[in-house]
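So this block is work-v1.tsv, TSV, C-alpha atoms:
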```tsv
chain	number	residue	atom	x	y	z
A	1	MET	CA	19.67	-6.05	-3.18
A	2	ARG	CA	16.62	-5.30	-1.07
A	3	GLU	CA	14.76	-8.23	0.46
A	4	PHE	CA	11.65	-8.48	2.58
A	5	ILE	CA	10.47	-11.47	4.58
A	6	LEU	CA	6.84	-11.45	5.67
A	7	ARG	CA	5.86	-13.99	8.29
A	8	ALA	CA	2.21	-14.84	7.66
A	9	LEU	CA	1.31	-17.19	10.49
A	10	LYS	CA	-2.21	-18.09	9.34
A	11	ALA	CA	-1.95	-17.73	5.56
A	12	ARG	CA	-3.26	-20.83	3.80
A	13	THR	CA	-0.56	-23.13	2.41
A	14	THR	CA	-2.73	-25.12	-0.02
A	15	PRO	CA	-4.51	-23.72	-3.10
A	16	ASP	CA	-8.03	-24.52	-1.85
A	17	PHE	CA	-9.16	-20.96	-1.29
A	18	LYS	CA	-11.40	-18.63	-3.24
A	19	MET	CA	-10.17	-15.53	-5.01
A	20	ALA	CA	-13.38	-13.84	-3.85
A	21	ASP	CA	-12.37	-14.40	-0.22
A	22	LEU	CA	-8.63	-13.82	0.12
A	23	ALA	CA	-9.20	-12.46	3.64
A	24	GLY	CA	-10.75	-15.82	4.59
A	25	ALA	CA	-7.58	-17.67	3.53
A	26	GLY	CA	-5.70	-16.63	6.67
A	27	ARG	CA	-5.64	-12.98	5.60
A	28	MET	CA	-4.05	-13.72	2.24
A	29	ASP	CA	-5.21	-10.21	1.25
A	30	LEU	CA	-2.56	-8.77	3.55
A	31	VAL	CA	0.09	-10.96	1.95
A	32	CYS	CA	-0.99	-9.77	-1.51
A	33	ARG	CA	-0.87	-6.12	-0.52
A	34	ALA	CA	2.56	-6.56	1.03
A	35	ILE	CA	3.85	-8.10	-2.22
A	36	SER	CA	2.22	-5.41	-4.35
A	37	ASN	CA	3.62	-2.51	-2.33
A	38	ALA	CA	7.08	-4.04	-2.08
A	39	LEU	CA	7.56	-4.60	-5.82
A	40	TRP	CA	5.48	-2.29	-7.97
A	41	ILE	CA	6.12	1.38	-8.58
A	42	ALA	CA	4.54	3.75	-11.12
A	43	ASN	CA	5.14	2.49	-14.67
A	44	SER	CA	7.70	-0.03	-13.49
A	45	MET	CA	8.81	-2.64	-11.01
A	46	ARG	CA	11.59	-2.68	-8.45
A	47	ARG	CA	14.00	-5.03	-10.16
A	48	ASP	CA	16.37	-4.95	-7.18
A	49	THR	CA	13.80	-6.34	-4.76
A	50	ILE	CA	12.64	-9.79	-3.61
A	51	ILE	CA	9.81	-10.43	-1.17
A	52	HIS	CA	9.30	-13.77	0.56
A	53	ALA	CA	6.00	-14.71	2.20
A	54	CYS	CA	6.57	-17.42	4.81
A	55	MET	CA	3.18	-18.98	5.37
A	56	ASP	CA	2.23	-21.28	8.22
A	57	GLY	CA	-1.53	-21.72	7.86
A	58	ALA	CA	-3.49	-24.87	6.99
A	59	ARG	CA	-3.00	-27.44	5.43
A	60	LEU	CA	0.62	-28.02	4.36
A	61	PRO	CA	2.90	-25.66	6.29
A	62	PRO	CA	5.54	-24.43	6.02
A	63	LYS	CA	5.50	-22.81	2.59
A	64	THR	CA	7.54	-19.87	1.39
A	65	VAL	CA	6.44	-18.12	-1.80
A	66	SER	CA	9.02	-15.68	-3.16
A	67	PHE	CA	8.43	-12.93	-5.75
A	68	ASN	CA	11.61	-11.74	-7.45
A	69	GLY	CA	11.28	-8.30	-9.07
A	70	GLU	CA	14.22	-8.99	-11.35
A	71	THR	CA	12.63	-11.92	-13.17
A	72	LEU	CA	8.90	-11.41	-12.55
A	73	ARG	CA	7.00	-11.04	-15.83
A	74	GLY	CA	3.38	-10.63	-16.82
A	75	ALA	CA	2.14	-9.96	-13.29
A	76	ASN	CA	-0.14	-7.16	-12.10
A	77	PRO	CA	-0.19	-5.27	-8.80
A	78	ASP	CA	-3.82	-5.89	-7.82
A	79	GLU	CA	-4.63	-8.25	-4.95
A	80	ARG	CA	-6.61	-10.64	-7.06
A	81	SER	CA	-3.83	-11.13	-9.63
A	82	ILE	CA	-1.21	-11.66	-6.95
A	83	GLY	CA	-3.55	-14.01	-5.06
A	84	GLY	CA	-3.89	-16.06	-8.24
A	85	LEU	CA	-0.12	-16.34	-8.60
A	86	ILE	CA	0.21	-17.42	-4.96
A	87	ARG	CA	-2.51	-20.03	-5.43
A	88	LYS	CA	-0.77	-21.33	-8.53
A	89	ALA	CA	2.53	-21.54	-6.62
A	90	LEU	CA	0.90	-23.40	-3.71
A	91	GLY	CA	-0.68	-25.84	-6.16
A	92	ALA	CA	2.64	-26.49	-7.91
A	93	GLY	CA	4.36	-26.96	-4.56
A	94	GLU	CA	1.97	-29.40	-2.89
A	95	THR	CA	4.29	-32.41	-3.12
A	96	LEU	CA	7.57	-30.63	-2.32
A	97	LYS	CA	9.72	-32.21	0.36
A	98	LEU	CA	11.34	-30.20	3.12
A	99	ASN	CA	13.59	-27.45	1.70
A	100	GLU	CA	12.83	-28.36	-1.91
A	101	SER	CA	11.68	-25.56	-4.18
A	102	LEU	CA	10.47	-24.93	-7.73
A	103	GLU	CA	9.62	-21.97	-9.97
A	104	SER	CA	5.85	-21.88	-10.52
A	105	SER	CA	5.77	-18.78	-12.79
A	106	PRO	CA	8.51	-16.47	-14.11
A	107	GLY	CA	10.06	-14.88	-11.02
A	108	ILE	CA	7.90	-16.77	-8.51
A	109	THR	CA	9.33	-19.62	-6.44
A	110	VAL	CA	7.58	-21.87	-3.95
A	111	SER	CA	9.63	-23.68	-1.31
A	112	LYS	CA	8.77	-26.05	1.51
A	113	LYS	CA	10.94	-23.94	3.70
A	114	ALA	CA	10.27	-22.61	7.18
A	115	PHE	CA	10.66	-19.00	8.20
A	116	GLU	CA	13.50	-19.91	10.61
A	117	ARG	CA	15.50	-21.59	7.88
A	118	LEU	CA	15.05	-18.70	5.46
A	119	VAL	CA	16.12	-16.17	8.08
A	120	ARG	CA	19.22	-18.24	8.85
A	121	GLU	CA	20.15	-18.37	5.17
A	122	LYS	CA	19.66	-14.64	4.72
A	123	SER	CA	21.71	-13.86	7.81
A	124	GLU	CA	24.72	-15.26	5.97
A	125	THR	CA	24.49	-12.88	3.00
A	126	SER	CA	22.55	-9.82	4.16
A	127	GLU	CA	22.11	-7.46	7.03
A	128	LEU	CA	18.88	-8.38	8.80
A	129	TYR	CA	16.46	-5.83	10.26
A	130	TYR	CA	13.16	-6.13	12.01
A	131	LEU	CA	10.66	-3.57	13.10
A	132	HIS	CA	10.36	-2.79	16.76
A	133	LYS	CA	8.84	0.24	18.39
A	134	LYS	CA	11.96	0.66	20.50
A	135	GLY	CA	14.32	0.13	17.56
A	136	GLU	CA	16.68	2.72	16.10
A	137	ASP	CA	14.99	5.33	13.90
A	138	ILE	CA	15.38	4.18	10.28
A	139	ARG	CA	16.53	7.68	9.33
A	140	ASN	CA	19.62	7.20	11.47
A	141	VAL	CA	20.42	3.61	10.51
A	142	LYS	CA	23.50	2.95	8.36
A	143	PHE	CA	22.59	0.40	5.73
A	144	GLY	CA	24.91	-1.88	3.82
A	145	GLU	CA	24.57	-3.13	0.28
A	146	ASN	CA	22.39	-6.19	0.89
A	147	VAL	CA	19.56	-5.55	3.26
A	148	CYS	CA	16.77	-7.86	4.39
A	149	PHE	CA	13.77	-6.67	6.42
A	150	VAL	CA	11.62	-9.07	8.43
A	151	PHE	CA	7.96	-8.29	9.21
A	152	GLY	CA	5.23	-9.93	11.18
A	153	ASP	CA	1.69	-9.97	9.84
A	154	TYR	CA	-1.43	-8.77	11.64
A	155	ILE	CA	-0.76	-11.21	14.49
A	156	GLY	CA	2.61	-9.59	15.19
A	157	MET	CA	5.93	-11.25	15.76
A	158	PRO	CA	5.93	-13.98	18.42
A	159	ARG	CA	8.42	-13.53	21.26
A	160	LYS	CA	10.20	-16.72	20.21
A	161	THR	CA	10.74	-15.27	16.75
A	162	GLU	CA	12.16	-12.08	18.19
A	163	GLY	CA	14.65	-14.20	20.15
A	164	LEU	CA	15.61	-16.03	16.95
A	165	LEU	CA	16.12	-12.76	15.10
A	166	ASP	CA	18.28	-11.43	17.91
A	167	ARG	CA	20.46	-14.56	17.73
A	168	PHE	CA	20.97	-14.02	14.01
A	169	GLY	CA	22.13	-10.47	14.66
A	170	ALA	CA	19.05	-8.76	13.26
A	171	LYS	CA	18.91	-5.07	14.13
A	172	ARG	CA	15.75	-3.52	15.53
A	173	ILE	CA	14.59	-0.47	13.65
A	174	SER	CA	11.63	1.86	14.03
A	175	LEU	CA	9.78	3.66	11.23
A	176	GLY	CA	7.75	6.08	13.34
A	177	PRO	CA	5.23	6.31	16.15
A	178	THR	CA	2.31	4.52	14.45
A	179	MET	CA	1.81	0.74	14.18
A	180	LEU	CA	1.54	0.05	10.46
A	181	PHE	CA	0.76	-2.89	8.26
A	182	ALA	CA	3.68	-4.78	6.76
A	183	SER	CA	2.54	-3.50	3.37
A	184	HIS	CA	3.04	0.08	4.55
A	185	CYS	CA	6.42	-0.60	6.10
A	186	SER	CA	7.98	-1.66	2.79
A	187	VAL	CA	6.90	1.63	1.21
A	188	ILE	CA	8.60	3.68	3.92
A	189	ILE	CA	11.74	1.54	3.84
A	190	HIS	CA	11.99	1.80	0.06
A	191	ASN	CA	11.57	5.56	0.31
A	192	GLU	CA	14.39	5.83	2.82
A	193	LEU	CA	16.69	3.65	0.70
A	194	ASP	CA	15.72	5.50	-2.51
A	195	ARG	CA	16.67	8.76	-0.87
A	196	ARG	CA	20.10	7.36	-0.11
A	197	GLU	CA	20.31	5.84	-3.59
A	198	ILE	CA	20.99	2.40	-2.20
A	199	LYS	CA	20.20	-0.06	-4.94
B	1	MET	CA	-7.42	16.88	9.66
B	2	ARG	CA	-5.61	15.06	6.87
B	3	GLU	CA	-7.28	14.84	3.49
B	4	PHE	CA	-6.32	13.21	0.23
B	5	ILE	CA	-7.81	13.81	-3.19
B	6	LEU	CA	-7.13	11.18	-5.84
B	7	ARG	CA	-7.92	12.15	-9.40
B	8	ALA	CA	-8.89	8.94	-11.20
B	9	LEU	CA	-9.42	10.02	-14.78
B	10	LYS	CA	-10.68	6.70	-16.15
B	11	ALA	CA	-12.31	5.10	-13.09
B	12	ARG	CA	-15.83	3.94	-13.90
B	13	THR	CA	-18.61	6.18	-12.55
B	14	THR	CA	-21.48	3.69	-12.80
B	15	PRO	CA	-21.81	0.43	-10.83
B	16	ASP	CA	-21.75	-1.83	-13.89
B	17	PHE	CA	-18.37	-3.41	-13.26
B	18	LYS	CA	-17.27	-6.78	-11.93
B	19	MET	CA	-15.57	-7.27	-8.59
B	20	ALA	CA	-13.45	-9.90	-10.33
B	21	ASP	CA	-12.09	-7.26	-12.70
B	22	LEU	CA	-11.54	-4.04	-10.78
B	23	ALA	CA	-8.56	-3.27	-13.02
B	24	GLY	CA	-10.89	-3.36	-16.03
B	25	ALA	CA	-13.13	-0.68	-14.49
B	26	GLY	CA	-10.69	2.13	-15.33
B	27	ARG	CA	-8.11	0.82	-12.85
B	28	MET	CA	-10.51	0.83	-9.94
B	29	ASP	CA	-7.97	-1.46	-8.22
B	30	LEU	CA	-5.63	1.53	-7.88
B	31	VAL	CA	-8.41	3.60	-6.35
B	32	CYS	CA	-9.14	0.81	-3.84
B	33	ARG	CA	-5.49	0.50	-2.84
B	34	ALA	CA	-5.17	4.25	-2.41
B	35	ILE	CA	-8.20	4.26	-0.10
B	36	SER	CA	-6.94	1.23	1.84
B	37	ASN	CA	-3.46	2.66	2.40
B	38	ALA	CA	-4.76	6.11	3.30
B	39	LEU	CA	-7.17	4.96	6.02
B	40	TRP	CA	-6.23	1.64	7.58
B	41	ILE	CA	-3.40	1.02	10.03
B	42	ALA	CA	-2.64	-2.04	12.13
B	43	ASN	CA	-5.56	-2.84	14.43
B	44	SER	CA	-7.18	0.49	13.75
B	45	MET	CA	-8.17	3.21	11.34
B	46	ARG	CA	-6.99	6.75	10.87
B	47	ARG	CA	-9.96	8.62	12.30
B	48	ASP	CA	-8.44	11.99	11.38
B	49	THR	CA	-8.32	11.21	7.64
B	50	ILE	CA	-10.64	11.56	4.66
B	51	ILE	CA	-9.86	10.39	1.13
B	52	HIS	CA	-11.83	11.54	-1.90
B	53	ALA	CA	-11.66	9.68	-5.22
B	54	CYS	CA	-12.66	11.99	-8.06
B	55	MET	CA	-13.64	9.73	-10.91
B	56	ASP	CA	-14.10	10.76	-14.52
B	57	GLY	CA	-14.57	7.47	-16.38
B	58	ALA	CA	-17.66	6.17	-18.17
B	59	ARG	CA	-20.70	6.50	-17.94
B	60	LEU	CA	-21.83	9.27	-15.58
B	61	PRO	CA	-18.87	11.52	-14.76
B	62	PRO	CA	-18.04	13.36	-12.67
B	63	LYS	CA	-18.41	11.38	-9.44
B	64	THR	CA	-16.56	11.88	-6.19
B	65	VAL	CA	-16.66	9.06	-3.63
B	66	SER	CA	-15.34	10.07	-0.20
B	67	PHE	CA	-14.30	7.74	2.63
B	68	ASN	CA	-14.25	9.41	6.05
B	69	GLY	CA	-12.12	7.56	8.62
B	70	GLU	CA	-13.99	9.21	11.49
B	71	THR	CA	-17.38	7.71	10.67
B	72	LEU	CA	-16.50	4.68	8.51
B	73	ARG	CA	-17.82	1.48	10.10
B	74	GLY	CA	-17.84	-2.19	9.15
B	75	ALA	CA	-15.42	-1.80	6.26
B	76	ASN	CA	-12.36	-3.89	5.49
B	77	PRO	CA	-9.04	-2.88	3.93
B	78	ASP	CA	-8.97	-5.41	1.07
B	79	GLU	CA	-9.48	-4.23	-2.50
B	80	ARG	CA	-12.56	-6.32	-3.07
B	81	SER	CA	-14.37	-4.98	0.00
B	82	ILE	CA	-13.53	-1.40	-0.86
B	83	GLY	CA	-14.51	-1.98	-4.50
B	84	GLY	CA	-17.89	-3.24	-3.28
B	85	LEU	CA	-18.42	-0.09	-1.23
B	86	ILE	CA	-17.51	2.13	-4.19
B	87	ARG	CA	-19.89	0.18	-6.42
B	88	LYS	CA	-22.66	0.61	-3.86
B	89	ALA	CA	-21.95	4.35	-3.67
B	90	LEU	CA	-22.02	4.72	-7.46
B	91	GLY	CA	-25.30	2.84	-7.59
B	92	ALA	CA	-26.86	5.05	-4.92
B	93	GLY	CA	-25.61	8.16	-6.69
B	94	GLU	CA	-26.78	7.44	-10.22
B	95	THR	CA	-29.55	10.06	-10.23
B	96	LEU	CA	-27.71	12.81	-8.33
B	97	LYS	CA	-27.75	16.24	-9.91
B	98	LEU	CA	-24.66	18.40	-10.16
B	99	ASN	CA	-23.10	19.04	-6.73
B	100	GLU	CA	-25.70	16.95	-4.91
B	101	SER	CA	-24.43	14.26	-2.57
B	102	LEU	CA	-25.67	11.46	-0.32
B	103	GLU	CA	-24.26	9.00	2.22
B	104	SER	CA	-24.35	5.51	0.72
B	105	SER	CA	-22.86	3.66	3.74
B	106	PRO	CA	-21.63	4.87	7.16
B	107	GLY	CA	-18.73	7.21	6.42
B	108	ILE	CA	-19.00	6.95	2.63
B	109	THR	CA	-20.42	9.80	0.56
B	110	VAL	CA	-21.02	9.98	-3.17
B	111	SER	CA	-21.29	13.36	-4.87
B	112	LYS	CA	-21.85	14.47	-8.41
B	113	LYS	CA	-18.98	16.84	-7.96
B	114	ALA	CA	-16.02	17.51	-10.24
B	115	PHE	CA	-12.41	17.45	-9.15
B	116	GLU	CA	-12.04	21.17	-9.87
B	117	ARG	CA	-14.95	22.09	-7.62
B	118	LEU	CA	-13.70	19.89	-4.76
B	119	VAL	CA	-10.22	21.39	-4.97
B	120	ARG	CA	-11.67	24.89	-4.90
B	121	GLU	CA	-13.72	24.06	-1.78
B	122	LYS	CA	-10.74	22.53	-0.01
B	123	SER	CA	-8.53	25.50	-0.85
B	124	GLU	CA	-10.78	27.58	1.41
B	125	THR	CA	-10.26	25.46	4.53
B	126	SER	CA	-6.99	23.58	4.08
B	127	GLU	CA	-3.47	23.94	2.82
B	128	LEU	CA	-3.25	22.20	-0.53
B	129	TYR	CA	-0.25	20.18	-1.69
B	130	TYR	CA	0.49	18.21	-4.79
B	131	LEU	CA	3.33	15.96	-5.71
B	132	HIS	CA	5.87	17.17	-8.15
B	133	LYS	CA	9.36	15.87	-8.76
B	134	LYS	CA	10.71	19.40	-8.49
B	135	GLY	CA	8.67	20.21	-5.38
B	136	GLU	CA	10.07	20.94	-1.93
B	137	ASP	CA	11.24	17.88	-0.02
B	138	ILE	CA	8.38	16.85	2.29
B	139	ARG	CA	10.85	16.55	5.16
B	140	ASN	CA	11.45	20.30	4.98
B	141	VAL	CA	7.85	21.41	4.46
B	142	LYS	CA	6.09	23.23	7.30
B	143	PHE	CA	2.58	21.86	7.59
B	144	GLY	CA	-0.42	23.53	9.15
B	145	GLU	CA	-3.31	21.93	10.98
B	146	ASN	CA	-5.55	21.10	8.01
B	147	VAL	CA	-3.70	19.59	5.11
B	148	CYS	CA	-5.00	18.26	1.81
B	149	PHE	CA	-2.86	16.34	-0.66
B	150	VAL	CA	-3.81	15.96	-4.32
B	151	PHE	CA	-2.63	12.99	-6.40
B	152	GLY	CA	-2.94	11.93	-9.98
B	153	ASP	CA	-3.57	8.29	-10.83
B	154	TYR	CA	-1.54	6.14	-13.20
B	155	ILE	CA	-2.18	8.61	-16.02
B	156	GLY	CA	-0.53	11.41	-14.08
B	157	MET	CA	-1.75	14.94	-13.55
B	158	PRO	CA	-2.74	16.79	-16.73
B	159	ARG	CA	-0.95	20.12	-17.32
B	160	LYS	CA	-4.27	21.94	-17.09
B	161	THR	CA	-4.84	20.47	-13.63
B	162	GLU	CA	-1.41	21.58	-12.50
B	163	GLY	CA	-2.30	25.09	-13.61
B	164	LEU	CA	-5.53	24.94	-11.62
B	165	LEU	CA	-3.70	23.75	-8.52
B	166	ASP	CA	-1.19	26.54	-8.87
B	167	ARG	CA	-4.01	29.07	-9.07
B	168	PHE	CA	-5.50	27.70	-5.84
B	169	GLY	CA	-2.16	28.14	-4.09
B	170	ALA	CA	-1.30	24.45	-3.88
B	171	LYS	CA	2.32	23.84	-2.90
B	172	ARG	CA	4.47	21.40	-4.85
B	173	ILE	CA	6.14	18.82	-2.68
B	174	SER	CA	8.43	15.90	-3.42
B	175	LEU	CA	8.59	12.61	-1.51
B	176	GLY	CA	11.81	11.26	-2.96
B	177	PRO	CA	13.54	10.31	-6.20
B	178	THR	CA	11.22	7.46	-7.27
B	179	MET	CA	7.87	7.80	-9.06
B	180	LEU	CA	5.37	6.06	-6.81
B	181	PHE	CA	1.73	5.09	-6.94
B	182	ALA	CA	-0.76	7.39	-5.21
B	183	SER	CA	-1.37	4.55	-2.74
B	184	HIS	CA	2.31	4.66	-1.73
B	185	CYS	CA	2.41	8.44	-1.43
B	186	SER	CA	-0.24	8.52	1.29
B	187	VAL	CA	1.81	6.07	3.38
B	188	ILE	CA	4.90	8.27	3.21
B	189	ILE	CA	2.93	11.46	3.90
B	190	HIS	CA	1.19	9.89	6.91
B	191	ASN	CA	4.56	8.73	8.22
B	192	GLU	CA	5.99	12.23	7.96
B	193	LEU	CA	2.96	13.76	9.70
B	194	ASP	CA	2.93	11.02	12.37
B	195	ARG	CA	6.55	11.79	13.15
B	196	ARG	CA	5.64	15.42	13.72
B	197	GLU	CA	2.56	14.38	15.69
B	198	ILE	CA	0.29	16.40	13.46
B	199	LYS	CA	-3.20	15.05	13.93
```
Mind turning this structure into structure tokens?
Amino acid sequence: MREFILRALKARTTPDFKMADLAGAGRMDLVCRAISNALWIANSMRRDTIIHACMDGARLPPKTVSFNGETLRGANPDERSIGGLIRKALGAGETLKLNESLESSPGITVSKKAFERLVREKSETSELYYLHKKGEDIRNVKFGENVCFVFGDYIGMPRKTEGLLDRFGAKRISLGPTMLFASHCSVIIHNELDRREIK
Amino acid sequence: MREFILRALKARTTPDFKMADLAGAGRMDLVCRAISNALWIANSMRRDTIIHACMDGARLPPKTVSFNGETLRGANPDERSIGGLIRKALGAGETLKLNESLESSPGITVSKKAFERLVREKSETSELYYLHKKGEDIRNVKFGENVCFVFGDYIGMPRKTEGLLDRFGAKRISLGPTMLFASHCSVIIHNELDRREIK
């Protein structure tokens, strides 16, 4: 199993945003691109992959919206379609209590769950990794069967979060010399894992 | 210099399409994502990169819209913004005669130029590459200074086009075992070139 956790510090957590201005909803466009690149491949979908977007923007944070490639149906890889599914999930999840969750569409779950809680849960079942310019080169990293990669969004990962990840045993890895978007990182990670035939 | 040529066989070549339905305009959403992933990086843009979208859809093919990272200004990496710039370019280029071109926005050029002609021009100044599952692994390829990568869109590369590329000396390269979107391929290629510090 391959999992990705995107921390989107400003992404809107209520459905009151316009599809014509995803960027204005706390850079929801970045979240959509990260989901698209993590799950879709030519003529198919990565059924072994889940991506979680942990959103902390206005007005009802925290919210985690998870797209599960195994059970996702009837979705398309363009930003607008994914934005619509996120908006639907946020609408369905408005009255959730802390750590409650529900499935808003096939393969899409919304939870009132904070990033810290999700990372703690994943640390119990998966190897955690996060991107750091001084991390070990991904091409030299030995991966296990269940891997979970944590990304910051355009704001970057706060120091406090890095400390949390270190406490949970997350390994620092580097993809190369250039600072990339989260949506690019998943492509490179998938490529490395595909080459090693890790499913 | 890094260049990418995307052959978009069905992408609409006139500006009569809706921003709310980029997918319906011959999968213009794929074209937008390819441009976004080829040019934008975190906090910056790849100034050493140009991407050309060669479009052959209705109603005025051929059209080539080129985004030049060196001179592009005031553009954003979301699909909708890029779609708007393509639409503006197609509108500005409606009366172009064969092989004429004009700049529709800073860094964006529209030409009434066919894919075949563009590839021939590039073969004179750059090393050409195209993706093929039986190609040489990109990690083993020796790249020169000016490189130009040719991609098919979701329809794939017609046999005839492969023949043309072979005639122009294009090398077949492989990125890995999984069939990816053109928008993913540029991310992996950039990463490989970044690692080698090829600018």
Select residues of chain A: the criterion is any atom within 8 Å of an atom of chain B, counting only C-alpha atoms; output as a PyMOL selection string.
-> chain A and resi 20+23+29-30+37+41-43+78-80+154+175-181+184+187-188+191+194-195
Quote the spacing between CA of Thr109 in chain A and CA of Ser66 in chain A in Å to one decimal place.
->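 Pair CA of Thr109 in chain A / CA of Ser66 in chain A returns 5.1 Å.
For the atom pair formed by CA of Gly135 in chain B and CA of Lys122 in chain B, the distance is 20.3 Å, given to one decimal.
The shell of residues at most 12 Å from Gly91 in chain B, with only C-alpha atoms counted and near chain neighbours (fewer than 6 positions) removed, consists of Arg12, Thr13, Thr14, Pro15, Asp16, Phe17, Arg59, Leu60, Lys63, Val65, Gly84, Leu85, Leu102, Glu103, Ser104, Ser105, Thr109, Val110 and Ser111 of chain B.
Taking CA of Pro61 in chain A as the reference point, CA of Leu118 in chain A is found at 14.0 Å.
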Point (-9.3, 10.9, -0.7), cut-off 6 Å, counting only C-alpha atoms, residues as an mmCIF file with C-alpha atoms, keeping the file's coordinate frame:
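Saved as selection-v3.cif:
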```cif
data_model
loop_
_atom_site.group_PDB
_atom_site.id
_atom_site.type_symbol
_atom_site.label_atom_id
_atom_site.label_comp_id
_atom_site.auth_asym_id
_atom_site.auth_seq_id
_atom_site.Cartn_x
_atom_site.Cartn_y
_atom_site.Cartn_z
ATOM 1 C CA PHE B 4 -6.320 13.210 0.230
ATOM 2 C CA ILE B 5 -7.810 13.810 -3.190
ATOM 3 C CA LEU B 6 -7.130 11.180 -5.840
ATOM 4 C CA ILE B 50 -10.640 11.560 4.660
ATOM 5 C CA ILE B 51 -9.860 10.390 1.130
ATOM 6 C CA HIS B 52 -11.830 11.540 -1.900
ATOM 7 C CA ALA B 53 -11.660 9.680 -5.220
#
```
Of the candidates A:Glu100, A:Glu124, A:Asp56, A:Glu70, which shows the shortest atom-to-atom distance to Asn146 in chain A, using all atoms listed in the file?
-> A:Glu124
Cut-off 12 Å around (2.0, 22.5, 0.0) with all atoms listed in the file: residues as an NGL selection string = :B and (123 or 126-132 or 135-144 or 146-150 or 165-166 or 168-175 or 189)
Using C-alpha atoms, can you export the residues from the last selection as a PDB file, keeping the file's coordinate frame?
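Generated file (again.pdb):
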```pdb
ATOM      1  CA  SER B 123      -8.530  25.500  -0.850  1.00  0.00           C
ATOM      2  CA  SER B 126      -6.990  23.580   4.080  1.00  0.00           C
ATOM      3  CA  GLU B 127      -3.470  23.940   2.820  1.00  0.00           C
ATOM      4  CA  LEU B 128      -3.250  22.200  -0.530  1.00  0.00           C
ATOM      5  CA  TYR B 129      -0.250  20.180  -1.690  1.00  0.00           C
ATOM      6  CA  TYR B 130       0.490  18.210  -4.790  1.00  0.00           C
ATOM      7  CA  LEU B 131       3.330  15.960  -5.710  1.00  0.00           C
ATOM      8  CA  HIS B 132       5.870  17.170  -8.150  1.00  0.00           C
ATOM      9  CA  GLY B 135       8.670  20.210  -5.380  1.00  0.00           C
ATOM     10  CA  GLU B 136      10.070  20.940  -1.930  1.00  0.00           C
ATOM     11  CA  ASP B 137      11.240  17.880  -0.020  1.00  0.00           C
ATOM     12  CA  ILE B 138       8.380  16.850   2.290  1.00  0.00           C
ATOM     13  CA  ARG B 139      10.850  16.550   5.160  1.00  0.00           C
ATOM     14  CA  ASN B 140      11.450  20.300   4.980  1.00  0.00           C
ATOM     15  CA  VAL B 141       7.850  21.410   4.460  1.00  0.00           C
ATOM     16  CA  LYS B 142       6.090  23.230   7.300  1.00  0.00           C
ATOM     17  CA  PHE B 143       2.580  21.860   7.590  1.00  0.00           C
ATOM     18  CA  GLY B 144      -0.420  23.530   9.150  1.00  0.00           C
ATOM     19  CA  ASN B 146      -5.550  21.100   8.010  1.00  0.00           C
ATOM     20  CA  VAL B 147      -3.700  19.590   5.110  1.00  0.00           C
ATOM     21  CA  CYS B 148      -5.000  18.260   1.810  1.00  0.00           C
ATOM     22  CA  PHE B 149      -2.860  16.340  -0.660  1.00  0.00           C
ATOM     23  CA  VAL B 150      -3.810  15.960  -4.320  1.00  0.00           C
ATOM     24  CA  LEU B 165      -3.700  23.750  -8.520  1.00  0.00           C
ATOM     25  CA  ASP B 166      -1.190  26.540  -8.870  1.00  0.00           C
ATOM     26  CA  PHE B 168      -5.500  27.700  -5.840  1.00  0.00           C
ATOM     27  CA  GLY B 169      -2.160  28.140  -4.090  1.00  0.00           C
ATOM     28  CA  ALA B 170      -1.300  24.450  -3.880  1.00  0.00           C
ATOM     29  CA  LYS B 171       2.320  23.840  -2.900  1.00  0.00           C
ATOM     30  CA  ARG B 172       4.470  21.400  -4.850  1.00  0.00           C
ATOM     31  CA  ILE B 173       6.140  18.820  -2.680  1.00  0.00           C
ATOM     32  CA  SER B 174       8.430  15.900  -3.420  1.00  0.00           C
ATOM     33  CA  LEU B 175       8.590  12.610  -1.510  1.00  0.00           C
ATOM     34  CA  ILE B 189       2.930  11.460   3.900  1.00  0.00           C
TER      35      ILE B 189
END
```
